[in-house]
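Source file: query-v2.txt; contents: compact mmCIF, C-alpha atoms.
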# COMPACT_ATOMS: atom_id res chain seq x y z
CA ASP A 1 -0.51 13.60 11.66
CA THR A 2 -1.85 10.16 10.82
CA GLY A 3 0.15 8.13 13.32
CA VAL A 4 2.54 5.28 12.70
CA SER A 5 1.84 3.35 9.51
CA GLN A 6 3.08 -0.08 8.45
CA ASP A 7 3.03 -1.83 5.12
CA PRO A 8 1.94 -4.44 4.26
CA ARG A 9 -0.65 -5.29 6.91
CA HIS A 10 -0.51 -8.98 6.03
CA LYS A 11 2.08 -11.11 4.31
CA ILE A 12 1.97 -14.79 3.43
CA THR A 13 5.17 -16.31 2.14
CA LYS A 14 6.76 -19.68 1.60
CA ARG A 15 9.60 -20.92 3.75
CA GLY A 16 12.94 -19.79 2.38
CA GLN A 17 11.67 -16.61 0.75
CA ASN A 18 12.77 -13.11 1.73
CA VAL A 19 10.30 -10.53 3.00
CA THR A 20 10.58 -6.81 3.72
CA PHE A 21 8.32 -4.68 5.89
CA ARG A 22 8.11 -0.92 6.00
CA CYS A 23 7.34 1.42 8.89
CA ASP A 24 6.62 5.15 8.63
CA PRO A 25 6.84 6.80 12.05
CA ILE A 26 5.02 9.87 13.28
CA SER A 27 6.74 12.80 11.63
CA GLU A 28 9.56 14.35 13.69
CA HIS A 29 9.77 11.32 15.97
CA ASN A 30 13.48 10.61 16.17
CA ARG A 31 13.19 7.15 17.71
CA LEU A 32 11.82 4.12 15.90
CA TYR A 33 11.38 0.65 17.40
CA TRP A 34 10.63 -2.83 16.06
CA TYR A 35 8.90 -5.48 18.17
CA ARG A 36 7.70 -8.99 17.44
CA GLN A 37 4.57 -10.51 18.94
CA THR A 38 3.75 -14.19 18.75
CA LEU A 39 0.33 -15.62 19.49
CA GLY A 40 -0.69 -15.26 23.11
CA GLN A 41 2.41 -13.33 24.10
CA GLY A 42 3.35 -9.74 24.72
CA PRO A 43 5.49 -7.90 22.18
CA GLU A 44 9.24 -8.53 22.40
CA PHE A 45 11.85 -5.93 21.52
CA LEU A 46 13.89 -6.48 18.37
CA THR A 47 15.80 -3.27 17.67
CA TYR A 48 15.60 0.50 17.73
CA PHE A 49 16.96 3.55 15.95
CA GLN A 50 17.67 7.08 16.99
CA ASN A 51 17.53 9.01 13.75
CA GLU A 52 19.47 6.81 11.31
CA ALA A 53 21.65 5.12 13.94
CA GLN A 54 20.73 1.61 15.08
CA LEU A 55 21.44 1.77 18.80
CA GLU A 56 20.45 -1.65 20.10
CA LYS A 57 19.63 -5.09 18.73
CA SER A 58 18.03 -7.91 20.67
CA ARG A 59 19.44 -11.42 20.68
CA LEU A 60 16.13 -12.32 19.02
CA LEU A 61 17.41 -10.57 15.91
CA SER A 62 19.30 -13.37 14.19
CA ASP A 63 21.63 -12.88 11.24
CA ARG A 64 18.69 -13.41 8.92
CA PHE A 65 17.10 -10.20 10.15
CA SER A 66 18.27 -6.74 9.14
CA ALA A 67 16.76 -3.36 9.82
CA GLU A 68 17.58 0.00 8.31
CA ARG A 69 16.52 3.59 8.68
CA PRO A 70 18.59 5.23 5.96
CA LYS A 71 17.45 8.84 6.21
CA GLY A 72 16.19 8.85 9.74
CA SER A 73 12.58 8.73 8.59
CA PHE A 74 10.97 5.45 7.50
CA SER A 75 12.48 2.08 8.39
CA THR A 76 12.54 -1.35 6.78
CA LEU A 77 12.83 -4.75 8.40
CA GLU A 78 13.99 -7.56 6.15
CA ILE A 79 13.89 -11.25 6.95
CA GLN A 80 15.95 -13.50 4.70
CA ARG A 81 15.31 -17.22 4.19
CA THR A 82 12.14 -17.13 6.27
CA GLU A 83 11.33 -20.00 8.61
CA GLN A 84 7.99 -21.08 10.03
CA GLY A 85 9.12 -19.79 13.42
CA ASP A 86 9.23 -16.29 11.98
CA SER A 87 5.43 -16.26 11.77
CA ALA A 88 4.33 -13.43 14.05
CA MET A 89 3.00 -9.89 14.19
CA TYR A 90 5.76 -7.35 13.60
CA LEU A 91 5.06 -4.07 15.33
CA CYS A 92 6.69 -0.71 14.79
CA ALA A 93 6.59 2.17 17.27
CA SER A 94 8.01 5.68 17.37
CA SER A 95 8.71 8.28 20.02
CA THR A 96 10.28 11.69 20.47
CA GLY A 97 12.64 10.52 23.14
CA GLU A 98 12.75 8.16 26.04
CA GLU A 99 9.10 8.23 26.93
CA THR A 100 5.85 7.30 25.24
CA GLN A 101 6.00 4.99 22.24
CA TYR A 102 3.17 5.05 19.73
CA PHE A 103 2.50 1.87 17.81
CA GLY A 104 1.47 1.14 14.26
CA PRO A 105 -1.14 -1.45 13.27
CA GLY A 106 1.46 -4.14 12.71
CA THR A 107 2.35 -6.51 9.88
CA ARG A 108 1.16 -10.06 10.33
CA LEU A 109 3.53 -12.56 8.73
CA LEU A 110 2.61 -16.16 7.99
CA VAL A 111 5.34 -18.46 6.73
CA LEU A 112 4.06 -21.64 5.11
CA ALA B 1 14.10 -12.56 35.58
CA GLN B 2 10.69 -11.43 34.38
CA SER B 3 10.63 -7.64 34.49
CA VAL B 4 6.85 -7.30 34.22
CA THR B 5 4.39 -9.86 35.51
CA GLN B 6 0.72 -10.08 34.69
CA LEU B 7 -0.58 -12.94 36.78
CA ASP B 8 -4.03 -13.14 35.21
CA SER B 9 -4.04 -14.43 31.63
CA GLN B 10 -7.83 -14.14 31.34
CA VAL B 11 -10.37 -12.10 33.28
CA PRO B 12 -14.11 -12.52 32.61
CA VAL B 13 -16.29 -9.71 33.99
CA PHE B 14 -19.99 -8.97 33.75
CA GLU B 15 -20.96 -5.82 31.90
CA GLU B 16 -21.13 -2.73 34.16
CA ALA B 17 -19.14 -4.49 36.91
CA PRO B 18 -15.77 -3.15 38.11
CA VAL B 19 -12.51 -4.73 37.02
CA GLU B 20 -8.89 -4.77 38.16
CA LEU B 21 -6.08 -6.10 36.00
CA ARG B 22 -2.93 -6.79 37.98
CA CYS B 23 0.61 -5.86 37.05
CA ASN B 24 3.80 -6.22 39.07
CA TYR B 25 7.20 -5.01 37.96
CA SER B 26 10.79 -5.59 38.99
CA SER B 27 12.10 -2.66 40.94
CA SER B 28 14.67 -0.24 39.53
CA VAL B 29 15.93 3.25 40.21
CA SER B 30 13.59 5.01 37.83
CA VAL B 31 10.34 3.45 36.75
CA TYR B 32 8.28 4.39 33.77
CA LEU B 33 5.17 2.21 33.46
CA PHE B 34 2.51 1.92 30.79
CA TRP B 35 -0.73 0.14 30.04
CA TYR B 36 -1.58 -0.58 26.41
CA VAL B 37 -4.74 -2.11 24.95
CA GLN B 38 -4.81 -4.30 21.85
CA TYR B 39 -8.02 -5.00 19.97
CA PRO B 40 -8.10 -8.06 17.65
CA ASN B 41 -5.74 -7.81 14.69
CA GLN B 42 -4.64 -4.31 15.62
CA GLY B 43 -1.59 -2.61 17.06
CA LEU B 44 -1.26 -1.35 20.61
CA GLN B 45 -3.06 1.75 21.84
CA LEU B 46 -1.79 3.66 24.86
CA LEU B 47 -4.25 3.66 27.76
CA LEU B 48 -2.19 5.50 30.35
CA LYS B 49 1.30 6.00 31.70
CA TYR B 50 3.17 6.72 34.90
CA LEU B 51 6.38 8.74 34.59
CA SER B 52 6.46 10.64 37.88
CA GLY B 53 4.25 12.70 40.17
CA SER B 54 0.82 11.59 41.30
CA THR B 55 0.59 7.86 41.88
CA LEU B 56 -2.99 7.74 40.60
CA VAL B 57 -2.98 8.00 36.84
CA LYS B 58 -6.08 8.50 34.74
CA GLY B 59 -6.24 7.33 31.16
CA ILE B 60 -8.62 7.02 28.26
CA ASN B 61 -11.93 5.14 28.20
CA GLY B 62 -12.43 5.57 31.95
CA PHE B 63 -9.41 3.52 33.00
CA GLU B 64 -7.05 4.46 35.82
CA ALA B 65 -4.02 2.88 37.46
CA GLU B 66 -2.21 3.30 40.74
CA PHE B 67 1.56 3.20 41.04
CA ASN B 68 2.53 1.48 44.31
CA LYS B 69 6.28 1.57 44.89
CA SER B 70 6.29 -0.50 48.08
CA GLN B 71 4.37 -3.33 46.42
CA THR B 72 6.00 -2.78 43.00
CA SER B 73 2.56 -2.84 41.41
CA PHE B 74 0.73 -0.85 38.77
CA HIS B 75 -2.77 -2.32 38.68
CA LEU B 76 -5.31 -1.13 36.11
CA ARG B 77 -8.90 -0.45 37.17
CA LYS B 78 -12.23 0.59 35.71
CA PRO B 79 -15.34 1.08 37.85
CA SER B 80 -17.82 -0.10 35.20
CA VAL B 81 -16.89 -2.05 32.08
CA HIS B 82 -18.59 -2.10 28.69
CA ILE B 83 -18.73 -4.67 25.93
CA SER B 84 -16.34 -2.50 23.94
CA ASP B 85 -13.64 -3.03 26.59
CA THR B 86 -13.19 -6.62 25.40
CA ALA B 87 -9.52 -6.73 24.39
CA GLU B 88 -6.01 -7.77 25.43
CA TYR B 89 -4.31 -5.51 27.95
CA PHE B 90 -0.55 -5.24 28.31
CA CYS B 91 1.46 -3.72 31.13
CA ALA B 92 4.93 -2.52 30.15
CA LYS B 93 8.03 -1.04 31.73
CA LEU B 94 10.32 1.34 29.88
CA ASN B 95 14.11 1.19 30.02
CA GLU B 96 15.16 2.57 26.62
CA LYS B 97 12.90 -0.13 25.19
CA LEU B 98 9.58 -1.47 26.44
CA THR B 99 9.39 -4.78 28.27
CA PHE B 100 5.89 -6.18 28.23
CA GLY B 101 3.99 -8.58 30.41
CA THR B 102 2.31 -11.57 28.83
CA GLY B 103 -1.02 -9.79 28.66
CA THR B 104 -4.48 -10.18 30.19
CA ARG B 105 -7.45 -10.99 28.03
CA LEU B 106 -10.49 -9.11 29.33
CA THR B 107 -13.81 -10.64 28.33
CA ILE B 108 -17.02 -8.79 29.08
CA ILE B 109 -20.06 -10.95 29.73
CA PRO B 110 -23.39 -9.34 28.70
Is it possible to express this structure as structure tokens?
Amino acid sequence: DTGVSQDPRHKITKRGQNVTFRCDPISEHNRLYWYRQTLGQGPEFLTYFQNEAQLEKSRLLSDRFSAERPKGSFSTLEIQRTEQGDSAMYLCASSTGEETQYFGPGTRLLVL
Amino acid sequence: AQSVTQLDSQVPVFEEAPVELRCNYSSSVSVYLFWYVQYPNQGLQLLLKYLSGSTLVKGINGFEAEFNKSQTSFHLRKPSVHISDTAEYFCAKLNEKLTFGTGTRLTIIP
């Protein structure tokens, strides 16, 4: 078990471009979470899945954001028409239930 | 209303001195509390957690925290810090999802 992995680790894009991030949770973890962390702040919840079902979405998740977990394993987070305000660290976490969440290394996005 | 409050944004401490990082939470029926550590350009690593039972919780790297229901606090302590403890520390409360405090940057002075 290698823990939660995220790809890519860094992404630089131009404003208006689309980006997609991938998260592979710890195997057999049925819950998967996405958080966003801006500089100097704590992570903020975006959305989470139980298996393939998306159970909750934050108001932070605008229409330009979409997340999927098609087979209940890995998940993708897509941001369309990126804006400079989307620059942040995107963190993925997984858990077996309603307790401890284990985090990946994050994907740092910079929108120019 | 802020669910988790970390009053100290930065805490400088001399090496081998004790440290306490403060965390207060908004009260609720059931409380699951966590401390995570974040080293530069990395994700979050779990230090310790309180789910139930003993109010004194021991974690990794010599850290411990005490759950105090009457004061709605969950302060993190270490009796003697090392240079390697330099990092950002986040307190979090779980209610389906984690709600984090704004973090405390711990700087160890040689």
- prompt: When the cut-off is 10 Å and we count all atoms listed in the file, which residues of chain A are near chain B, given as a PyMOL selection string?
  reply: chain A and resi 4+9+33-35+40-48+56+89-93+97-108
Grab the residues selected above and save them as a PDB file, in the frame of the given file with C-alpha atoms.
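Contents of out21.pdb, as written:
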ATOM      1  CA  VAL A   4       2.540   5.280  12.700  1.00  0.00           C
ATOM      2  CA  ARG A   9      -0.650  -5.290   6.910  1.00  0.00           C
ATOM      3  CA  TYR A  33      11.380   0.650  17.400  1.00  0.00           C
ATOM      4  CA  TRP A  34      10.630  -2.830  16.060  1.00  0.00           C
ATOM      5  CA  TYR A  35       8.900  -5.480  18.170  1.00  0.00           C
ATOM      6  CA  GLY A  40      -0.690 -15.260  23.110  1.00  0.00           C
ATOM      7  CA  GLN A  41       2.410 -13.330  24.100  1.00  0.00           C
ATOM      8  CA  GLY A  42       3.350  -9.740  24.720  1.00  0.00           C
ATOM      9  CA  PRO A  43       5.490  -7.900  22.180  1.00  0.00           C
ATOM     10  CA  GLU A  44       9.240  -8.530  22.400  1.00  0.00           C
ATOM     11  CA  PHE A  45      11.850  -5.930  21.520  1.00  0.00           C
ATOM     12  CA  LEU A  46      13.890  -6.480  18.370  1.00  0.00           C
ATOM     13  CA  THR A  47      15.800  -3.270  17.670  1.00  0.00           C
ATOM     14  CA  TYR A  48      15.600   0.500  17.730  1.00  0.00           C
ATOM     15  CA  GLU A  56      20.450  -1.650  20.100  1.00  0.00           C
ATOM     16  CA  MET A  89       3.000  -9.890  14.190  1.00  0.00           C
ATOM     17  CA  TYR A  90       5.760  -7.350  13.600  1.00  0.00           C
ATOM     18  CA  LEU A  91       5.060  -4.070  15.330  1.00  0.00           C
ATOM     19  CA  CYS A  92       6.690  -0.710  14.790  1.00  0.00           C
ATOM     20  CA  ALA A  93       6.590   2.170  17.270  1.00  0.00           C
ATOM     21  CA  GLY A  97      12.640  10.520  23.140  1.00  0.00           C
ATOM     22  CA  GLU A  98      12.750   8.160  26.040  1.00  0.00           C
ATOM     23  CA  GLU A  99       9.100   8.230  26.930  1.00  0.00           C
ATOM     24  CA  THR A 100       5.850   7.300  25.240  1.00  0.00           C
ATOM     25  CA  GLN A 101       6.000   4.990  22.240  1.00  0.00           C
ATOM     26  CA  TYR A 102       3.170   5.050  19.730  1.00  0.00           C
ATOM     27  CA  PHE A 103       2.500   1.870  17.810  1.00  0.00           C
ATOM     28  CA  GLY A 104       1.470   1.140  14.260  1.00  0.00           C
ATOM     29  CA  PRO A 105      -1.140  -1.450  13.270  1.00  0.00           C
ATOM     30  CA  GLY A 106       1.460  -4.140  12.710  1.00  0.00           C
ATOM     31  CA  THR A 107       2.350  -6.510   9.880  1.00  0.00           C
ATOM     32  CA  ARG A 108       1.160 -10.060  10.330  1.00  0.00           C
TER      33      ARG A 108
END
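Using only C-alpha atoms for every distance, the candidate list B:Cys23, B:Val29, B:Val13, B:Val4 yields B:Val13 as the residue closest to Asp85 (chain B).
Note that the spacing between CA of Asn18 (chain A) and CA of Glu78 (chain A) amounts to 7.2 Å.
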- [ ] Would you kindly return, as a VMD selection string, each protein, DNA or RNA residue with an atom no farther than 7 Å from any atom of Glu68 (chain A), considering all atoms listed in the file and excluding same-chain residues fewer than 5 positions away?
- [x] chain A and resid 75 to 77
Practice item. Name the residues within 12 Å of (13.6, -19.5, 8.7), counting only C-alpha atoms in the file's coordinates, and put them as a list in words. Key: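 The residues near that point, listed by chain and number, are Thr13, Lys14, Arg15, Gly16, Gln17, Asn18, Val19, Ser62, Asp63, Arg64, Phe65, Ile79, Gln80, Arg81, Thr82, Glu83, Gln84, Gly85, Asp86, Ser87, Leu110, Val111 and Leu112 of chain A.
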> Please, what distance in Å, to one decimal, runs between CA of Phe67 (chain B) and CA of Thr55 (chain B)?
Replying inline: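 CA of Thr55 (chain B) lies at a distance of 4.8 Å from CA of Phe67 (chain B).
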Just the number, please: distance in Å from CA of Gly62 (chain B) to CA of Pro79 (chain B), one decimal.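 According to the coordinates, CA of Gly62 (chain B) and CA of Pro79 (chain B) are separated by 8.0 Å.
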Which residue, A:Ile26, A:Glu52, A:Ser73, A:Ile12, has the smallest gap to Ala88 (chain A) when you use only C-alpha atoms?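 That would be A:Ile12, the residue with the smallest distance to Ala88 (chain A).
Closest approach to Thr2 (chain A) among A:Gln50, A:Arg22, A:Ser27, A:Pro70 is made by A:Ser27 (distances from all atoms listed in the file).
If you count all atoms listed in the file and draw a sphere of 12 Å around (-18.1, -6.9, 30.1), the protein and nucleic acid residues inside it come out as Val11, Pro12, Val13, Phe14, Glu15, Glu16, Ala17, Pro18, Val19, Lys78, Pro79, Ser80, Val81, His82, Ile83, Ser84, Asp85, Thr86, Ala87, Arg105, Leu106, Thr107, Ile108, Ile109 and Pro110 of chain B.
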Go ahead and write the selection's residues with C-alpha atoms as a short mmCIF file (atom, residue, chain, number, x, y, z; two decimals), in the coordinates of the input.
data_model
loop_
_atom_site.label_atom_id
_atom_site.label_comp_id
_atom_site.auth_asym_id
_atom_site.auth_seq_id
_atom_site.Cartn_x
_atom_site.Cartn_y
_atom_site.Cartn_z
CA VAL B 11 -10.37 -12.10 33.28
CA PRO B 12 -14.11 -12.52 32.61
CA VAL B 13 -16.29 -9.71 33.99
CA PHE B 14 -19.99 -8.97 33.75
CA GLU B 15 -20.96 -5.82 31.90
CA GLU B 16 -21.13 -2.73 34.16
CA ALA B 17 -19.14 -4.49 36.91
CA PRO B 18 -15.77 -3.15 38.11
CA VAL B 19 -12.51 -4.73 37.02
CA LYS B 78 -12.23 0.59 35.71
CA PRO B 79 -15.34 1.08 37.85
CA SER B 80 -17.82 -0.10 35.20
CA VAL B 81 -16.89 -2.05 32.08
CA HIS B 82 -18.59 -2.10 28.69
CA ILE B 83 -18.73 -4.67 25.93
CA SER B 84 -16.34 -2.50 23.94
CA ASP B 85 -13.64 -3.03 26.59
CA THR B 86 -13.19 -6.62 25.40
CA ALA B 87 -9.52 -6.73 24.39
CA ARG B 105 -7.45 -10.99 28.03
CA LEU B 106 -10.49 -9.11 29.33
CA THR B 107 -13.81 -10.64 28.33
CA ILE B 108 -17.02 -8.79 29.08
CA ILE B 109 -20.06 -10.95 29.73
CA PRO B 110 -23.39 -9.34 28.70
#
Please write out, as lines of an AutoDock Vina configuration file, where the centre of an axis-aligned box around all listed atoms of region 91-97 of chain B lies and how long its edges are, in Å to one decimal, after adding 8 Å on each side.
center_x = 8.3
center_y = -0.6
center_z = 28.5
size_x = 29.7
size_y = 22.3
size_z = 22.5
Nearest residue to Arg77 (chain B) from the set B:Ser30, B:Trp35, B:Ser3, B:Tyr50 (distances using all atoms listed in the file):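 Closest to Arg77 (chain B), using all atoms listed in the file: B:Trp35.
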